[in-house]
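For reference, the structure discussed in these notes is given below.
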Amino acid sequence: MPRVGVLAVQGDFLEHRQALRRLGIDAPEIRLPKQLDEIDGLIIPGGESTTIAQLIDIYGFRDVLRQKAREGMAIWGTCAGMIVVADRLTDRRPEPLRLMDIEVSRNAFGRQVDSFEADIDFQEIEGEPFHCVFIRAPVVNRVGESVKVLAALDDGRPIAVRQGRMLATAFHPELTDDSRIHDLFVRMVEERD
Ligand code: GLN
């Protein structure tokens with residue numbers, strides 16, 4: 001069974017675990033850095049990115065996570081998780097982990113469209129467009145050369161990106177019944193060379 005865990009310091013980690021359970025995977029809740037030795041892939045969920053980043057530091061995850069990413073651990077950040085894995089933010093806080101070569105803006109959709117849903121074409125998954133749920137979502141402003149855009153808004157701004165074994169989505173696939181992006185991530189975890 002692919003060894004996928006969900007960072008469980010804050011945010012909607014339970015929903016990710018449920019989505020993985022639909023794929024037959026019992027994903028542990030990762031609460032301490034030493035648990036990272038037991039997994040090959042980690043999901044950093046949505047929630048509140050300044051809180052998640054603070055707890056990452058308080059529990060001593062920062063250096064270990066950066067080291068694990070260098071060693072090839074697959075990592076997927078959703079929403080607040082996308083903010084946490086970014087290299088650069090247009091916001092002053094939080095201090096991101098600098099894992100993916102992307103620049104991200106928090107709360108990119110203003111008050112009136114704090115939350116919205118849209119069907120968007122998504123590379124690397126089969127079938128119809130993905131129903132994306134955005135909740136006070138971030139957006140990607142810039143991507144580095146080694147980053148592939150998997151999905152973008154009509155105005156061209158990316159909302160899903162992949163760089164090697166790292167994935168980031170601005171929306172919440174764990175809040176829908178569609179497991180195709182979880183399935184993509186599990187395949188990324190299994191692709192370990
Ligand atoms: N707006 C939140 C933040 O900046 C992210 C929202 C979410 O994860 N749904 O941390």
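By order in the structure tokens, chains are A, B, ...; within a chain, residues start at 1; ligands start at 1, following the order shown.
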Near ligand 1, 8 Å: chain A residue rows, closest pairs, only C-alpha atoms and all ligand atoms, as a Markdown table:
```
| residue | atom | partner | partner_atom_place_in_ligand_line | distance |
| --- | --- | --- | --- | --- |
| A:Gly11 | CA | ligand 1 | 8 (O) | 7.3 |
| A:Pro45 | CA | ligand 1 | 8 (O) | 7.1 |
| A:Gly46 | CA | ligand 1 | 8 (O) | 3.4 |
| A:Gly47 | CA | ligand 1 | 8 (O) | 3.9 |
| A:Glu48 | CA | ligand 1 | 10 (O) | 3.6 |
| A:Ser49 | CA | ligand 1 | 10 (O) | 3.4 |
| A:Thr50 | CA | ligand 1 | 10 (O) | 6.0 |
| A:Thr51 | CA | ligand 1 | 10 (O) | 7.7 |
| A:Thr78 | CA | ligand 1 | 8 (O) | 6.9 |
| A:Cys79 | CA | ligand 1 | 8 (O) | 4.2 |
| A:Ala80 | CA | ligand 1 | 8 (O) | 3.8 |
| A:Gly81 | CA | ligand 1 | 8 (O) | 6.8 |
| A:Ile83 | CA | ligand 1 | 10 (O) | 7.0 |
| A:Arg106 | CA | ligand 1 | 4 (O) | 4.9 |
| A:Asn107 | CA | ligand 1 | 1 (N) | 5.0 |
| A:Phe134 | CA | ligand 1 | 9 (N) | 7.0 |
| A:Ile135 | CA | ligand 1 | 9 (N) | 4.5 |
| A:Arg136 | CA | ligand 1 | 1 (N) | 4.5 |
| A:Ala137 | CA | ligand 1 | 6 (C) | 5.2 |
| A:Pro138 | CA | ligand 1 | 5 (C) | 6.7 |
| A:Phe171 | CA | ligand 1 | 9 (N) | 7.3 |
| A:His172 | CA | ligand 1 | 9 (N) | 7.3 |
```
Output file for the selection above: N, CA and C atoms, as a compact mmCIF listing (two decimals), in the first residue's frame:
```
# COMPACT_ATOMS: atom_id res chain seq x y z
N GLY A 11 -6.35 22.46 10.22
CA GLY A 11 -6.97 22.44 8.90
C GLY A 11 -7.76 21.18 8.63
N PRO A 45 -2.75 20.10 4.23
CA PRO A 45 -4.15 20.43 3.89
C PRO A 45 -4.44 21.93 3.87
N GLY A 46 -5.69 22.26 3.55
CA GLY A 46 -6.17 23.62 3.65
C GLY A 46 -6.45 23.96 5.10
N GLY A 47 -6.54 25.24 5.37
CA GLY A 47 -6.78 25.70 6.74
C GLY A 47 -6.34 27.15 6.81
N GLU A 48 -5.48 27.45 7.74
CA GLU A 48 -5.00 28.82 7.90
C GLU A 48 -3.47 28.77 7.83
N SER A 49 -2.94 29.37 6.77
CA SER A 49 -1.52 29.12 6.49
C SER A 49 -0.57 29.69 7.53
N THR A 50 -0.93 30.82 8.16
CA THR A 50 -0.01 31.35 9.18
C THR A 50 0.02 30.41 10.38
N THR A 51 -1.13 29.85 10.74
CA THR A 51 -1.19 28.91 11.86
C THR A 51 -0.44 27.63 11.52
N THR A 78 -2.65 21.75 -0.50
CA THR A 78 -3.94 22.25 -1.01
C THR A 78 -4.28 23.54 -0.26
N CYS A 79 -4.60 24.57 -1.02
CA CYS A 79 -5.04 25.86 -0.49
C CYS A 79 -4.01 26.42 0.50
N ALA A 80 -4.28 26.45 1.81
CA ALA A 80 -3.25 26.93 2.75
C ALA A 80 -1.96 26.14 2.54
N GLY A 81 -2.09 24.86 2.21
CA GLY A 81 -0.90 24.02 1.97
C GLY A 81 -0.10 24.51 0.77
N ILE A 83 0.17 27.63 -0.08
CA ILE A 83 0.89 28.81 0.44
C ILE A 83 2.14 28.36 1.19
N ARG A 106 -1.96 35.15 -1.26
CA ARG A 106 -3.06 34.65 -0.42
C ARG A 106 -4.34 35.42 -0.71
N ASN A 107 -5.46 34.81 -0.38
CA ASN A 107 -6.78 35.46 -0.44
C ASN A 107 -6.91 36.28 -1.73
N PHE A 134 -13.17 26.68 -4.26
CA PHE A 134 -12.20 27.67 -3.77
C PHE A 134 -12.76 28.32 -2.50
N ILE A 135 -11.98 28.33 -1.44
CA ILE A 135 -12.41 28.96 -0.19
C ILE A 135 -11.31 29.91 0.28
N ARG A 136 -11.57 31.22 0.16
CA ARG A 136 -10.52 32.22 0.46
C ARG A 136 -9.18 31.74 -0.10
N ALA A 137 -9.22 31.45 -1.36
CA ALA A 137 -8.13 30.69 -1.99
C ALA A 137 -6.96 31.58 -2.41
N PRO A 138 -5.78 30.97 -2.46
CA PRO A 138 -4.62 31.65 -3.03
C PRO A 138 -4.59 31.45 -4.54
N PHE A 171 -7.35 24.99 -4.72
CA PHE A 171 -8.72 24.65 -4.30
C PHE A 171 -8.69 23.38 -3.43
N HIS A 172 -9.88 22.85 -3.18
CA HIS A 172 -10.02 21.75 -2.20
C HIS A 172 -10.61 20.48 -2.83
```
Set the distance at 12 Å and use only C-alpha atoms: which residues neighbour A:His16 once local chain neighbours fewer than 6 positions away are removed? I'd like the list as a CSV table (one decimal) with all heavy atoms, in the first residue's frame.
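What ended up in part.csv:
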```
chain,number,residue,atom,x,y,z
A,4,VAL,N,1.1,7.1,2.3
A,4,VAL,CA,0.8,8.5,2.3
A,4,VAL,C,0.3,9.0,3.6
A,4,VAL,O,-0.5,8.3,4.2
A,4,VAL,CB,-0.3,8.8,1.2
A,4,VAL,CG1,-0.6,10.3,1.1
A,4,VAL,CG2,0.0,8.1,-0.1
A,5,GLY,N,0.8,10.1,4.1
A,5,GLY,CA,0.3,10.7,5.3
A,5,GLY,C,-0.3,12.1,5.1
A,5,GLY,O,-0.1,12.7,4.1
A,6,VAL,N,-1.0,12.5,6.1
A,6,VAL,CA,-1.6,13.9,6.1
A,6,VAL,C,-1.1,14.7,7.3
A,6,VAL,O,-1.3,14.2,8.4
A,6,VAL,CB,-3.2,13.8,6.1
A,6,VAL,CG1,-3.7,15.2,5.8
A,6,VAL,CG2,-3.7,12.9,5.0
A,7,LEU,N,-0.5,15.8,7.0
A,7,LEU,CA,-0.1,16.7,8.1
A,7,LEU,C,-1.3,17.1,8.9
A,7,LEU,O,-2.2,17.7,8.4
A,7,LEU,CB,0.7,17.9,7.5
A,7,LEU,CG,1.3,18.8,8.6
A,7,LEU,CD1,2.5,18.1,9.3
A,7,LEU,CD2,1.8,20.1,8.0
A,8,ALA,N,-1.3,16.8,10.2
A,8,ALA,CA,-2.5,17.0,11.0
A,8,ALA,C,-2.2,18.0,12.2
A,8,ALA,O,-2.5,17.7,13.3
A,8,ALA,CB,-3.0,15.7,11.5
A,22,ARG,N,-11.3,6.4,0.4
A,22,ARG,CA,-12.1,5.9,-0.8
A,22,ARG,C,-11.2,5.2,-1.8
A,22,ARG,O,-11.7,4.5,-2.6
A,22,ARG,CB,-12.8,7.2,-1.5
A,22,ARG,CG,-13.9,7.7,-0.7
A,22,ARG,CD,-14.8,8.6,-1.7
A,22,ARG,NE,-14.1,9.7,-2.3
A,22,ARG,CZ,-14.0,10.9,-1.7
A,22,ARG,NH1,-14.6,11.1,-0.6
A,22,ARG,NH2,-13.4,11.9,-2.3
A,23,LEU,N,-9.9,5.5,-1.8
A,23,LEU,CA,-9.0,4.8,-2.7
A,23,LEU,C,-8.4,3.6,-2.0
A,23,LEU,O,-7.4,3.0,-2.5
A,23,LEU,CB,-7.8,5.8,-3.1
A,23,LEU,CG,-8.3,7.0,-3.9
A,23,LEU,CD1,-7.1,8.0,-4.1
A,23,LEU,CD2,-8.9,6.6,-5.2
A,25,ILE,N,-6.8,3.6,1.0
A,25,ILE,CA,-5.6,4.0,1.7
A,25,ILE,C,-5.9,4.5,3.1
A,25,ILE,O,-6.7,5.4,3.2
A,25,ILE,CB,-4.8,5.0,0.9
A,25,ILE,CG1,-4.3,4.4,-0.4
A,25,ILE,CG2,-3.6,5.5,1.7
A,25,ILE,CD1,-3.8,5.4,-1.4
A,26,ASP,N,-5.3,3.9,4.1
A,26,ASP,CA,-5.5,4.3,5.5
A,26,ASP,C,-4.3,5.2,5.8
A,26,ASP,O,-3.2,4.8,6.1
A,26,ASP,CB,-5.5,3.1,6.4
A,26,ASP,CG,-5.8,3.5,7.8
A,26,ASP,OD1,-6.3,4.6,8.0
A,26,ASP,OD2,-5.5,2.7,8.7
A,27,ALA,N,-4.5,6.6,5.7
A,27,ALA,CA,-3.4,7.5,5.8
A,27,ALA,C,-3.2,8.0,7.2
A,27,ALA,O,-4.2,8.5,7.8
A,27,ALA,CB,-3.6,8.7,4.9
A,28,PRO,N,-2.0,7.8,7.8
A,28,PRO,CA,-1.8,8.3,9.1
A,28,PRO,C,-1.9,9.8,9.3
A,28,PRO,O,-1.5,10.5,8.3
A,28,PRO,CB,-0.4,7.8,9.5
A,28,PRO,CG,0.3,7.5,8.2
A,28,PRO,CD,-0.8,7.2,7.2
A,29,GLU,N,-2.3,10.3,10.4
A,29,GLU,CA,-2.2,11.7,10.7
A,29,GLU,C,-0.8,12.0,11.2
A,29,GLU,O,-0.3,11.4,12.2
A,29,GLU,CB,-3.2,12.1,11.8
A,29,GLU,CG,-4.6,11.9,11.4
A,29,GLU,CD,-5.6,12.2,12.5
A,29,GLU,OE1,-5.3,12.7,13.5
A,29,GLU,OE2,-6.8,12.0,12.2
A,42,LEU,N,3.3,13.2,1.5
A,42,LEU,CA,2.7,14.0,2.5
A,42,LEU,C,1.7,15.0,1.9
A,42,LEU,O,2.1,15.7,1.0
A,42,LEU,CB,3.7,14.7,3.4
A,42,LEU,CG,3.1,15.6,4.5
A,42,LEU,CD1,2.5,14.7,5.6
A,42,LEU,CD2,4.2,16.6,5.0
A,43,ILE,N,0.5,15.0,2.4
A,43,ILE,CA,-0.5,16.1,2.0
A,43,ILE,C,-0.5,17.2,3.1
A,43,ILE,O,-0.6,16.8,4.3
A,43,ILE,CB,-1.9,15.5,1.8
A,43,ILE,CG1,-1.9,14.5,0.7
A,43,ILE,CG2,-2.9,16.6,1.6
A,43,ILE,CD1,-3.2,13.8,0.5
A,44,ILE,N,-0.3,18.4,2.7
A,44,ILE,CA,-0.4,19.6,3.6
A,44,ILE,C,-1.8,20.2,3.3
A,44,ILE,O,-2.0,20.7,2.2
A,44,ILE,CB,0.7,20.6,3.5
A,44,ILE,CG1,2.1,19.9,3.7
A,44,ILE,CG2,0.5,21.7,4.4
A,44,ILE,CD1,3.3,20.8,3.5
A,45,PRO,N,-2.8,20.1,4.2
A,45,PRO,CA,-4.1,20.4,3.9
A,45,PRO,C,-4.4,21.9,3.9
A,45,PRO,O,-3.6,22.7,4.2
A,45,PRO,CB,-4.9,19.8,5.0
A,45,PRO,CG,-4.0,19.8,6.2
A,45,PRO,CD,-2.6,19.7,5.6
A,46,GLY,N,-5.7,22.3,3.5
A,46,GLY,CA,-6.2,23.6,3.7
A,46,GLY,C,-6.4,24.0,5.1
A,46,GLY,O,-6.6,23.1,6.0
A,76,TRP,N,2.1,17.3,-1.4
A,76,TRP,CA,1.0,18.0,-2.1
A,76,TRP,C,0.4,19.0,-1.1
A,76,TRP,O,-0.1,18.6,0.0
A,76,TRP,CB,0.0,17.0,-2.5
A,76,TRP,CG,-1.3,17.5,-3.1
A,76,TRP,CD1,-1.5,18.8,-3.6
A,76,TRP,CD2,-2.6,16.8,-3.2
A,76,TRP,NE1,-2.8,18.9,-4.0
A,76,TRP,CE2,-3.5,17.7,-3.8
A,76,TRP,CE3,-3.0,15.6,-2.8
A,76,TRP,CZ2,-4.8,17.4,-4.0
A,76,TRP,CZ3,-4.3,15.2,-3.1
A,76,TRP,CH2,-5.2,16.1,-3.7
A,77,GLY,N,0.4,20.3,-1.5
A,77,GLY,CA,-0.3,21.3,-0.7
A,77,GLY,C,-1.6,21.7,-1.3
A,77,GLY,O,-1.6,22.1,-2.5
A,78,THR,N,-2.7,21.7,-0.5
A,78,THR,CA,-3.9,22.3,-1.0
A,78,THR,C,-4.3,23.5,-0.3
A,78,THR,O,-4.3,23.6,1.0
A,78,THR,CB,-5.1,21.2,-0.8
A,78,THR,OG1,-5.2,20.9,0.6
A,78,THR,CG2,-4.8,20.0,-1.6
A,172,HIS,N,-9.9,22.8,-3.2
A,172,HIS,CA,-10.0,21.8,-2.2
A,172,HIS,C,-10.6,20.5,-2.8
A,172,HIS,O,-11.8,20.2,-2.7
A,172,HIS,CB,-11.0,22.2,-1.1
A,172,HIS,CG,-10.4,23.2,-0.2
A,172,HIS,ND1,-9.7,22.9,1.0
A,172,HIS,CD2,-10.5,24.6,-0.2
A,172,HIS,CE1,-9.3,24.0,1.6
A,172,HIS,NE2,-9.8,25.1,0.9
A,173,PRO,N,-9.8,19.7,-3.5
A,173,PRO,CA,-10.4,18.4,-4.0
A,173,PRO,C,-10.9,17.5,-2.9
A,173,PRO,O,-11.8,16.7,-3.2
A,173,PRO,CB,-9.1,17.7,-4.7
A,173,PRO,CG,-8.1,18.8,-4.8
A,173,PRO,CD,-8.4,19.8,-3.7
A,174,GLU,N,-10.5,17.6,-1.7
A,174,GLU,CA,-10.9,16.8,-0.6
A,174,GLU,C,-12.4,17.1,-0.2
A,174,GLU,O,-13.0,16.3,0.6
A,174,GLU,CB,-10.0,16.8,0.6
A,174,GLU,CG,-10.0,18.1,1.4
A,174,GLU,CD,-9.4,19.3,0.7
A,174,GLU,OE1,-9.0,19.2,-0.4
A,174,GLU,OE2,-9.3,20.4,1.4
A,175,LEU,N,-12.9,18.2,-0.7
A,175,LEU,CA,-14.3,18.5,-0.3
A,175,LEU,C,-15.3,18.1,-1.4
A,175,LEU,O,-16.5,18.5,-1.3
A,175,LEU,CB,-14.4,20.1,-0.1
A,175,LEU,CG,-13.6,20.6,1.1
A,175,LEU,CD1,-13.8,22.1,1.2
A,175,LEU,CD2,-13.8,19.8,2.4
A,176,THR,N,-14.9,17.4,-2.4
A,176,THR,CA,-15.8,16.8,-3.4
A,176,THR,C,-15.6,15.3,-3.4
A,176,THR,O,-14.7,14.7,-2.7
A,176,THR,CB,-15.4,17.3,-4.8
A,176,THR,OG1,-14.1,16.9,-5.1
A,176,THR,CG2,-15.5,18.8,-4.9
A,177,ASP,N,-16.5,14.6,-4.1
A,177,ASP,CA,-16.5,13.1,-4.1
A,177,ASP,C,-15.5,12.6,-5.2
A,177,ASP,O,-15.3,11.4,-5.3
A,177,ASP,CB,-17.9,12.5,-4.4
A,177,ASP,CG,-18.8,12.8,-3.3
A,177,ASP,OD1,-18.3,12.9,-2.1
A,177,ASP,OD2,-20.0,12.8,-3.5
A,178,ASP,N,-14.9,13.5,-5.9
A,178,ASP,CA,-14.1,13.2,-7.1
A,178,ASP,C,-12.7,12.9,-6.6
A,178,ASP,O,-12.0,13.8,-6.1
A,178,ASP,CB,-14.1,14.4,-8.1
A,178,ASP,CG,-13.5,14.0,-9.4
A,178,ASP,OD1,-12.7,13.0,-9.4
A,178,ASP,OD2,-13.8,14.7,-10.4
A,179,SER,N,-12.2,11.7,-6.7
A,179,SER,CA,-10.9,11.3,-6.1
A,179,SER,C,-9.8,11.4,-7.1
A,179,SER,O,-8.7,10.9,-6.9
A,179,SER,CB,-11.0,9.9,-5.6
A,179,SER,OG,-12.0,9.8,-4.6
A,181,ILE,N,-7.7,13.6,-8.3
A,181,ILE,CA,-6.4,14.3,-8.0
A,181,ILE,C,-5.7,13.6,-6.8
A,181,ILE,O,-4.5,13.4,-6.8
A,181,ILE,CB,-6.6,15.8,-7.7
A,181,ILE,CG1,-7.4,16.4,-8.9
A,181,ILE,CG2,-5.3,16.5,-7.5
A,181,ILE,CD1,-7.7,17.9,-8.7
A,182,HIS,N,-6.5,13.0,-5.9
A,182,HIS,CA,-5.9,12.2,-4.9
A,182,HIS,C,-5.2,10.9,-5.6
A,182,HIS,O,-4.1,10.5,-5.2
A,182,HIS,CB,-6.9,11.7,-3.8
A,182,HIS,CG,-7.3,12.8,-2.9
A,182,HIS,ND1,-8.2,13.8,-3.2
A,182,HIS,CD2,-6.8,13.1,-1.6
A,182,HIS,CE1,-8.3,14.6,-2.1
A,182,HIS,NE2,-7.4,14.2,-1.2
A,183,ASP,N,-5.9,10.4,-6.6
A,183,ASP,CA,-5.4,9.3,-7.3
A,183,ASP,C,-4.1,9.7,-8.0
A,183,ASP,O,-3.1,8.9,-8.0
A,183,ASP,CB,-6.4,8.8,-8.3
A,183,ASP,CG,-6.0,7.5,-8.9
A,183,ASP,OD1,-5.8,6.5,-8.2
A,183,ASP,OD2,-6.0,7.4,-10.2
A,185,PHE,N,-2.0,12.0,-7.1
A,185,PHE,CA,-0.9,12.1,-6.1
A,185,PHE,C,-0.4,10.8,-5.6
A,185,PHE,O,0.8,10.6,-5.5
A,185,PHE,CB,-1.4,13.0,-4.9
A,185,PHE,CG,-0.3,13.2,-3.8
A,185,PHE,CD1,0.8,13.9,-4.2
A,185,PHE,CD2,-0.4,12.6,-2.6
A,185,PHE,CE1,1.8,14.1,-3.2
A,185,PHE,CE2,0.6,12.8,-1.7
A,185,PHE,CZ,1.7,13.6,-2.0
```
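Closest approach to A:Ile120 among A:Ala69, A:Ala108, A:Ile102, A:Ala151 is made by A:Ala151 (distances from only C-alpha atoms).
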(request) From the DSSP assignment of the backbone, select every residue of stretch 24-163 of chain A that is strand (DSSP E), and format the answer as a PyMOL selection string. (result) chain A and resi 29-30+41-44+74-78+86-89+100-105+115-120+130-135+139-143+148-152+158-163
Keeping N, CA and C atoms for every residue in the selection just given, could you write it to a file as a short mmCIF file (atom, residue, chain, number, x, y, z; two decimals), in the first residue's frame?
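Everything below was put into selection29.cif:
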```cif
data_model
loop_
_atom_site.label_atom_id
_atom_site.label_comp_id
_atom_site.auth_asym_id
_atom_site.auth_seq_id
_atom_site.Cartn_x
_atom_site.Cartn_y
_atom_site.Cartn_z
N GLU A 29 -2.27 10.28 10.43
CA GLU A 29 -2.20 11.71 10.74
C GLU A 29 -0.79 11.99 11.22
N ILE A 30 -0.10 12.87 10.52
CA ILE A 30 1.29 13.18 10.87
C ILE A 30 1.30 14.37 11.81
N GLY A 41 4.85 10.01 0.96
CA GLY A 41 4.13 11.15 0.41
C GLY A 41 3.35 11.85 1.52
N LEU A 42 3.32 13.19 1.47
CA LEU A 42 2.65 13.96 2.53
C LEU A 42 1.71 14.97 1.90
N ILE A 43 0.48 15.04 2.43
CA ILE A 43 -0.46 16.09 2.04
C ILE A 43 -0.47 17.16 3.12
N ILE A 44 -0.30 18.42 2.70
CA ILE A 44 -0.44 19.55 3.63
C ILE A 44 -1.80 20.18 3.30
N ALA A 74 7.22 12.80 -1.91
CA ALA A 74 6.18 13.50 -2.66
C ALA A 74 5.39 14.37 -1.68
N ILE A 75 5.11 15.60 -2.08
CA ILE A 75 4.39 16.53 -1.20
C ILE A 75 3.32 17.25 -2.01
N TRP A 76 2.12 17.32 -1.42
CA TRP A 76 0.99 18.00 -2.08
C TRP A 76 0.38 19.00 -1.10
N GLY A 77 0.39 20.28 -1.47
CA GLY A 77 -0.26 21.30 -0.65
C GLY A 77 -1.56 21.74 -1.29
N THR A 78 -2.65 21.75 -0.50
CA THR A 78 -3.94 22.25 -1.01
C THR A 78 -4.28 23.54 -0.26
N ALA A 86 5.12 27.16 -1.05
CA ALA A 86 5.62 28.12 -2.05
C ALA A 86 7.05 28.57 -1.73
N ASP A 87 7.69 29.08 -2.76
CA ASP A 87 9.02 29.69 -2.55
C ASP A 87 8.88 31.13 -2.08
N ARG A 88 7.90 31.85 -2.70
CA ARG A 88 7.75 33.27 -2.41
C ARG A 88 6.27 33.60 -2.27
N LEU A 89 5.97 34.55 -1.38
CA LEU A 89 4.60 35.04 -1.23
C LEU A 89 4.59 36.54 -1.49
N MET A 100 8.59 24.67 -3.57
CA MET A 100 8.25 24.72 -5.00
C MET A 100 8.59 26.10 -5.56
N ASP A 101 9.04 26.12 -6.81
CA ASP A 101 9.47 27.38 -7.43
C ASP A 101 8.25 28.15 -7.96
N ILE A 102 7.43 28.61 -7.02
CA ILE A 102 6.23 29.36 -7.38
C ILE A 102 6.10 30.58 -6.46
N GLU A 103 5.49 31.64 -7.03
CA GLU A 103 5.12 32.80 -6.20
C GLU A 103 3.60 32.79 -6.04
N VAL A 104 3.15 32.92 -4.81
CA VAL A 104 1.73 32.76 -4.49
C VAL A 104 1.21 34.01 -3.77
N SER A 105 -0.05 34.35 -4.06
CA SER A 105 -0.75 35.41 -3.32
C SER A 105 -1.90 34.81 -2.53
N SER A 115 -15.55 32.69 -1.73
CA SER A 115 -15.68 31.28 -2.05
C SER A 115 -16.45 31.13 -3.34
N PHE A 116 -15.99 30.26 -4.20
CA PHE A 116 -16.71 30.00 -5.45
C PHE A 116 -16.29 28.63 -5.96
N GLU A 117 -17.07 28.15 -6.93
CA GLU A 117 -16.79 26.83 -7.50
C GLU A 117 -16.74 26.95 -9.01
N ALA A 118 -15.90 26.18 -9.64
CA ALA A 118 -15.79 26.25 -11.09
C ALA A 118 -15.29 24.92 -11.64
N ASP A 119 -15.77 24.55 -12.83
CA ASP A 119 -15.28 23.35 -13.51
C ASP A 119 -14.10 23.75 -14.39
N ILE A 120 -12.95 23.15 -14.14
CA ILE A 120 -11.72 23.60 -14.81
C ILE A 120 -10.97 22.39 -15.38
N PHE A 130 -12.42 19.23 -13.76
CA PHE A 130 -12.54 18.97 -12.32
C PHE A 130 -13.39 20.07 -11.68
N HIS A 131 -14.29 19.67 -10.78
CA HIS A 131 -15.11 20.65 -10.07
C HIS A 131 -14.28 21.20 -8.89
N CYS A 132 -13.85 22.46 -9.02
CA CYS A 132 -12.91 23.03 -8.05
C CYS A 132 -13.65 23.92 -7.05
N VAL A 133 -13.43 23.66 -5.78
CA VAL A 133 -14.03 24.45 -4.70
C VAL A 133 -12.95 25.37 -4.12
N PHE A 134 -13.17 26.68 -4.26
CA PHE A 134 -12.20 27.67 -3.77
C PHE A 134 -12.76 28.32 -2.50
N ILE A 135 -11.98 28.33 -1.44
CA ILE A 135 -12.41 28.96 -0.19
C ILE A 135 -11.31 29.91 0.28
N VAL A 139 -3.69 32.16 -5.22
CA VAL A 139 -3.47 31.94 -6.64
C VAL A 139 -1.96 31.99 -6.88
N VAL A 140 -1.54 31.35 -7.99
CA VAL A 140 -0.11 31.36 -8.34
C VAL A 140 0.13 32.52 -9.31
N ASN A 141 1.09 33.38 -8.99
CA ASN A 141 1.42 34.51 -9.86
C ASN A 141 2.50 34.18 -10.87
N ARG A 142 3.49 33.44 -10.41
CA ARG A 142 4.65 33.13 -11.26
C ARG A 142 5.09 31.71 -11.00
N VAL A 143 5.56 31.07 -12.06
CA VAL A 143 6.12 29.73 -11.89
C VAL A 143 7.52 29.69 -12.49
N LYS A 148 5.27 22.77 -13.96
CA LYS A 148 4.25 22.56 -14.99
C LYS A 148 2.89 23.04 -14.47
N VAL A 149 2.18 23.82 -15.27
CA VAL A 149 0.84 24.25 -14.88
C VAL A 149 -0.15 23.17 -15.27
N LEU A 150 -0.89 22.65 -14.30
CA LEU A 150 -1.86 21.58 -14.57
C LEU A 150 -3.27 22.14 -14.78
N ALA A 151 -3.54 23.31 -14.20
CA ALA A 151 -4.86 23.92 -14.36
C ALA A 151 -4.72 25.41 -14.13
N ALA A 152 -5.54 26.19 -14.84
CA ALA A 152 -5.47 27.65 -14.73
C ALA A 152 -6.87 28.25 -14.84
N PRO A 158 -2.41 30.32 -12.82
CA PRO A 158 -2.42 28.91 -12.45
C PRO A 158 -3.08 28.66 -11.09
N ILE A 159 -3.85 27.56 -11.02
CA ILE A 159 -4.42 27.17 -9.73
C ILE A 159 -4.05 25.72 -9.39
N ALA A 160 -3.26 25.08 -10.26
CA ALA A 160 -2.71 23.76 -9.93
C ALA A 160 -1.38 23.64 -10.65
N VAL A 161 -0.35 23.27 -9.92
CA VAL A 161 1.00 23.19 -10.49
C VAL A 161 1.70 21.95 -9.98
N ARG A 162 2.64 21.47 -10.82
CA ARG A 162 3.44 20.31 -10.42
C ARG A 162 4.91 20.61 -10.71
N GLN A 163 5.77 20.23 -9.80
CA GLN A 163 7.22 20.34 -10.01
C GLN A 163 7.81 19.02 -9.52
#
```
Close residues, A:Tyr59 itself excluded, 8 Å, only C-alpha atoms, min 3 positions apart in chain, as an mmCIF file with C-alpha atoms, in the first residue's frame:
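Output below, filename selection.cif:
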```cif
data_model
loop_
_atom_site.group_PDB
_atom_site.id
_atom_site.type_symbol
_atom_site.label_atom_id
_atom_site.label_comp_id
_atom_site.auth_asym_id
_atom_site.auth_seq_id
_atom_site.Cartn_x
_atom_site.Cartn_y
_atom_site.Cartn_z
ATOM 1 C CA LEU A 32 5.450 14.757 14.782
ATOM 2 C CA PRO A 33 8.495 15.008 12.476
ATOM 3 C CA LEU A 55 2.877 24.913 14.129
ATOM 4 C CA ILE A 56 5.338 23.519 11.580
#
```
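Relative to atom CA of A:Leu184, atom CA of A:Ile125 is found at 7.0 Å.
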(request) Using only C-alpha atoms, find the one residue out of A:Ala170, A:Arg17, A:Gly164, A:Arg93 that sits nearest to A:Glu145. (result)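 Counting only C-alpha atoms, the residue closest to A:Glu145 is A:Gly164.
From atom CA of A:Arg3 back to atom CA of A:Gln18, the distance works out to 15.1 Å.
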(request) For each of A:Arg98, A:Met166, A:Glu190, A:Pro129, take the minimum atom-to-atom distance to A:Ser146, counting only C-alpha atoms, then give the residue where this is smallest. (result)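 Among the listed residues, A:Met166 lies closest to A:Ser146.
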